[in-house]
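Encoded as structure tokens, the structure appears first; notes follow it.
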2 protein chains.
Amino acid sequence: VLDEGFVCHLGFVVDGRPAVLPTAYARVGDHLYLHGAAANAALRAAGGAQVCVTVTIVDGVVLARSAFHHSINYRSVVVFGEATTVEDEDEKRQALEAIVEHVVPGRAADVRGPSAAELRATRVIRLPIVEASAKVRAGAPIDDEDDLGLAVWAGHVPLALRADEPVAAPDLAAGVDVPAYARSYRSAAEGR
Amino acid sequence: VLDEGFVCHLGFVVDGRPAVLPTAYARVGDHLYLHGAAANAALRAAGGAQVCVTVTIVDGVVLARSAFHHSINYRSVVVFGEATTVEDEDEKRQALEAIVEHVVPGRAADVRGPSAAELRATRVIRLPIVEASAKVRAGAPIDDEDDLGLAVWAGHVPLALRADEPVAAPDLAAGVDVPAYARSYRSAAEGR
């Protein structure tokens, strides 16, 4: 789940109140890395604090004969722990490269890496994957036996995040082809 | 965004630590309604407490010439406030119907509504949409001028949650057709 998703929801506490923000991430070994602008108040608050990072992949909607047994097919992972701001420059570079590569596999080698100024402008936090739990709901609805005879369609509709055709930047230099990793990104044929 | 998404991430605080869980929701007027099992510890903790509900729709990945300017196209809404457990039976019924209808528009009228026992087994919480903020990132990458000449493809790949063919429950009664709302659920042609 952590390798298939690429947007997580980062939960943290500010003045005793919860806050939840979406952000990109990557897993490197036994750690999750999240990044954002150095000025980002959320990431600043999360560094050195208890956080909860949740990744959810929606796989479909489940239509039962009764309202009560309707559901959503999904996979989710919840990771709790203390996040640490990454100060080491090499670790920071590796984390940022991992995030680019995680969101668009094959991309990192093609692009200009971060300058020293860009590194300073970026905050990276690290969370160990130690206290984590996963949940999965898949497949058909589970209806009450008394409802099975109802003339109501029941089943599930699979859902997946699919890519449309890549859209070139308006200022793209002439003669640059669309790379395969963008052309076939999350195509229906291959999943990811 | 609240009307297009149907899975939110509910953030709350337990013993001073943040927790973030995915759950279905619906908007009814100026309120969000979330539901789950009455025994669900998360929803029980959230009732009467400060929560943060975040809905994120991923619209694509953004490929810049530099690693630094890579991004994700998304729309998100963050709602903060005090959640209330819904005790009124009519409001609870309406909220549950709204959630079914929100996840699968057209479905609620076809199914058996909740029994008194099912209502008791379900917890519904309500959150006023008062303190909320929205964020949107869309379109092409924004690269540094110095990078525009690089022979690196730049642009974005649109993403959307798309449905595959409905899958009938193995115990579906004979002669029950797939309803239109399941057959054309989030088809590529119509979006939602």
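Letters for chains follow the order of the structure tokens (A, B, ...), residue numbers begin at 1 for each chain, and ligand numbers begin at 1 in the order shown.
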
Alpha helix (DSSP H) call set, DSSP backbone run, chain B, as a count of residues only: 30

Set out as CSV a contact list for chain B and chain A with a cut-off of 6 Å, giving each residue of chain B that qualifies its closest atom pair and distance in Å to one decimal, counting only C-alpha atoms, ordered by chain and rising residue number.
residue,atom,partner,partner_atom,distance
B:Gly11,CA,A:Pro18,CA,5.8
B:Phe12,CA,A:Pro18,CA,5.3
B:Val13,CA,A:Pro18,CA,6.0
B:Pro18,CA,A:Phe12,CA,5.3
B:Ala19,CA,A:Cys52,CA,5.5
B:Val20,CA,A:Gly11,CA,6.0
B:Val51,CA,A:Pro18,CA,5.9
B:Cys52,CA,A:Ala19,CA,5.5
B:Arg65,CA,A:Val111,CA,5.4
B:Ser66,CA,A:Arg112,CA,4.4
B:Ala67,CA,A:Gly113,CA,5.4
B:Phe68,CA,A:Pro114,CA,5.9
B:Val111,CA,A:Ser66,CA,5.1
B:Arg112,CA,A:Ser66,CA,4.4
B:Gly113,CA,A:Ala67,CA,5.4
B:Pro114,CA,A:Phe68,CA,5.9
B:Ala140,CA,A:Ala169,CA,5.4
B:Trp153,CA,A:Val176,CA,5.8
B:Ala154,CA,A:Ala169,CA,5.6
B:Gly155,CA,A:Ala168,CA,4.2
B:His156,CA,A:Val167,CA,5.3
B:Val157,CA,A:Pro166,CA,4.4
B:Pro158,CA,A:Asp164,CA,5.3
B:Leu159,CA,A:Ala163,CA,4.4
B:Ala160,CA,A:Leu161,CA,5.2
B:Leu161,CA,A:Leu161,CA,4.3
B:Arg162,CA,A:Leu159,CA,5.4
B:Ala163,CA,A:Leu159,CA,4.4
B:Asp164,CA,A:Pro158,CA,5.3
B:Pro166,CA,A:Val157,CA,4.4
B:Val167,CA,A:His156,CA,5.3
B:Ala168,CA,A:Gly155,CA,4.2
B:Ala169,CA,A:Gly155,CA,4.2
B:Val176,CA,A:Trp153,CA,5.8

I need the chosen residues saved as a short mmCIF file (atom, residue, chain, number, x, y, z; two decimals), in the first residue's frame, with N, CA and C atoms.
data_model
loop_
_atom_site.label_atom_id
_atom_site.label_comp_id
_atom_site.auth_asym_id
_atom_site.auth_seq_id
_atom_site.Cartn_x
_atom_site.Cartn_y
_atom_site.Cartn_z
N GLY B 11 -9.10 13.45 11.27
CA GLY B 11 -8.03 13.58 12.25
C GLY B 11 -8.59 13.93 13.61
N PHE B 12 -8.07 13.29 14.65
CA PHE B 12 -8.51 13.60 16.01
C PHE B 12 -7.34 13.32 16.95
N VAL B 13 -7.50 13.71 18.20
CA VAL B 13 -6.40 13.59 19.14
C VAL B 13 -6.78 12.59 20.22
N PRO B 18 -1.91 12.50 17.59
CA PRO B 18 -2.83 12.58 16.45
C PRO B 18 -3.15 11.19 15.89
N ALA B 19 -4.35 11.05 15.36
CA ALA B 19 -4.74 9.83 14.64
C ALA B 19 -5.51 10.28 13.41
N VAL B 20 -5.32 9.58 12.31
CA VAL B 20 -5.94 9.94 11.03
C VAL B 20 -6.52 8.67 10.42
N VAL B 51 -11.92 18.07 15.74
CA VAL B 51 -11.46 17.18 14.68
C VAL B 51 -11.01 18.02 13.48
N CYS B 52 -10.36 17.34 12.57
CA CYS B 52 -10.00 17.95 11.29
C CYS B 52 -10.36 16.93 10.22
N ARG B 65 11.33 20.27 -15.21
CA ARG B 65 12.71 19.95 -15.63
C ARG B 65 13.61 19.73 -14.43
N SER B 66 13.29 20.34 -13.30
CA SER B 66 14.08 20.17 -12.08
C SER B 66 13.30 19.33 -11.09
N ALA B 67 14.02 18.55 -10.29
CA ALA B 67 13.36 17.77 -9.24
C ALA B 67 12.55 18.70 -8.33
N PHE B 68 13.12 19.85 -8.04
CA PHE B 68 12.54 20.79 -7.09
C PHE B 68 11.13 21.21 -7.47
N VAL B 111 -32.54 0.61 -2.04
CA VAL B 111 -32.10 -0.37 -1.04
C VAL B 111 -32.98 -0.38 0.20
N ARG B 112 -32.86 -1.47 0.96
CA ARG B 112 -33.57 -1.55 2.23
C ARG B 112 -32.94 -0.58 3.22
N GLY B 113 -33.74 0.29 3.80
CA GLY B 113 -33.25 1.27 4.77
C GLY B 113 -32.86 0.60 6.08
N PRO B 114 -32.19 1.35 6.95
CA PRO B 114 -31.71 0.77 8.20
C PRO B 114 -32.84 0.41 9.17
N ALA B 140 0.23 22.99 -15.76
CA ALA B 140 1.61 22.71 -16.15
C ALA B 140 2.60 22.98 -15.02
N TRP B 153 11.65 16.34 -20.94
CA TRP B 153 10.22 16.51 -21.15
C TRP B 153 9.59 17.10 -19.89
N ALA B 154 8.68 18.03 -20.08
CA ALA B 154 7.98 18.65 -18.95
C ALA B 154 6.51 18.73 -19.30
N GLY B 155 5.69 18.58 -18.30
CA GLY B 155 4.24 18.63 -18.51
C GLY B 155 3.54 18.00 -17.34
N HIS B 156 2.29 17.60 -17.57
CA HIS B 156 1.61 16.89 -16.49
C HIS B 156 0.82 15.72 -17.04
N VAL B 157 0.61 14.74 -16.19
CA VAL B 157 -0.18 13.57 -16.55
C VAL B 157 -1.46 13.63 -15.72
N PRO B 158 -2.61 13.84 -16.37
CA PRO B 158 -3.87 13.90 -15.61
C PRO B 158 -4.24 12.53 -15.05
N LEU B 159 -4.77 12.53 -13.85
CA LEU B 159 -5.21 11.30 -13.20
C LEU B 159 -6.65 11.47 -12.72
N ALA B 160 -7.41 10.39 -12.74
CA ALA B 160 -8.76 10.44 -12.19
C ALA B 160 -9.15 9.04 -11.73
N LEU B 161 -10.01 8.99 -10.74
CA LEU B 161 -10.52 7.72 -10.24
C LEU B 161 -11.58 7.22 -11.22
N ARG B 162 -11.27 6.13 -11.90
CA ARG B 162 -12.17 5.62 -12.93
C ARG B 162 -12.72 4.25 -12.54
N ALA B 163 -13.93 3.99 -12.99
CA ALA B 163 -14.56 2.71 -12.68
C ALA B 163 -14.29 1.69 -13.78
N ASP B 164 -14.10 0.44 -13.37
CA ASP B 164 -14.14 -0.68 -14.30
C ASP B 164 -15.57 -1.24 -14.28
N PRO B 166 -18.89 -3.15 -13.43
CA PRO B 166 -19.43 -3.65 -12.15
C PRO B 166 -19.30 -5.16 -12.05
N VAL B 167 -19.08 -5.67 -10.85
CA VAL B 167 -18.95 -7.10 -10.60
C VAL B 167 -20.14 -7.52 -9.72
N ALA B 168 -21.00 -8.38 -10.26
CA ALA B 168 -22.19 -8.80 -9.50
C ALA B 168 -21.79 -9.69 -8.32
N ALA B 169 -22.51 -9.57 -7.22
CA ALA B 169 -22.28 -10.45 -6.07
C ALA B 169 -22.55 -11.89 -6.49
N VAL B 176 -31.79 -9.92 -12.01
CA VAL B 176 -31.65 -8.54 -11.54
C VAL B 176 -30.60 -7.83 -12.39
#

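Every protein or nucleic acid residue with an atom no more than 8 Å from Leu43 (chain A), counting only C-alpha atoms and leaving out same-chain residues fewer than 5 positions away, appears here: His35, Gly36, Ala38, Arg123, Val124 and Ile125 of chain A.
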
How would you write, as a compact mmCIF listing (two decimals) with C-alpha atoms, in the first residue's frame, the set of residues in region 43-161 of chain B that DSSP gives as strand (DSSP E or B)?
# COMPACT_ATOMS: atom_id res chain seq x y z
CA GLN B 50 -12.02 18.89 17.99
CA VAL B 51 -11.46 17.18 14.68
CA CYS B 52 -10.00 17.95 11.29
CA VAL B 53 -11.59 16.44 8.20
CA THR B 54 -9.57 16.59 4.97
CA VAL B 55 -10.79 15.63 1.51
CA THR B 56 -8.18 15.36 -1.23
CA ILE B 57 -8.74 14.70 -4.91
CA VAL B 58 -5.60 13.85 -6.88
CA ASP B 59 -5.83 15.28 -10.40
CA GLY B 60 -2.40 14.43 -11.78
CA VAL B 61 1.35 14.43 -11.49
CA VAL B 62 3.46 17.40 -12.58
CA LEU B 63 6.81 16.75 -14.24
CA SER B 66 14.08 20.17 -12.08
CA SER B 71 4.47 18.58 -7.94
CA ILE B 72 1.07 16.97 -7.76
CA ASN B 73 -2.10 18.47 -9.17
CA TYR B 74 -4.79 18.19 -6.53
CA ARG B 75 -7.74 19.83 -4.89
CA SER B 76 -8.19 19.60 -1.14
CA VAL B 77 -10.46 20.96 1.53
CA VAL B 78 -9.61 21.00 5.22
CA VAL B 79 -12.45 21.49 7.72
CA PHE B 80 -11.70 22.13 11.39
CA GLY B 81 -14.22 22.11 14.19
CA GLU B 82 -15.96 20.33 17.02
CA THR B 84 -21.03 16.17 17.53
CA THR B 85 -22.46 12.67 17.83
CA ARG B 112 -33.57 -1.55 2.23
CA THR B 122 -24.14 2.90 13.68
CA ARG B 123 -22.52 6.06 14.96
CA VAL B 124 -22.94 9.28 13.00
CA ILE B 125 -20.97 12.43 13.73
CA ARG B 126 -21.66 15.91 12.41
CA LEU B 127 -19.18 18.69 11.73
CA PRO B 128 -20.21 22.23 10.77
CA GLU B 131 -13.66 26.87 9.58
CA ALA B 132 -12.47 25.49 6.27
CA SER B 133 -9.78 26.11 3.71
CA ALA B 134 -9.30 24.87 0.17
CA LYS B 135 -6.17 24.43 -1.91
CA VAL B 136 -5.82 23.77 -5.61
CA ARG B 137 -2.81 23.06 -7.81
CA GLY B 155 4.24 18.63 -18.51
CA HIS B 156 1.61 16.89 -16.49
CA VAL B 157 -0.18 13.57 -16.55
CA PRO B 158 -3.87 13.90 -15.61
CA LEU B 159 -5.21 11.30 -13.20
CA ALA B 160 -8.76 10.44 -12.19
CA LEU B 161 -10.52 7.72 -10.24
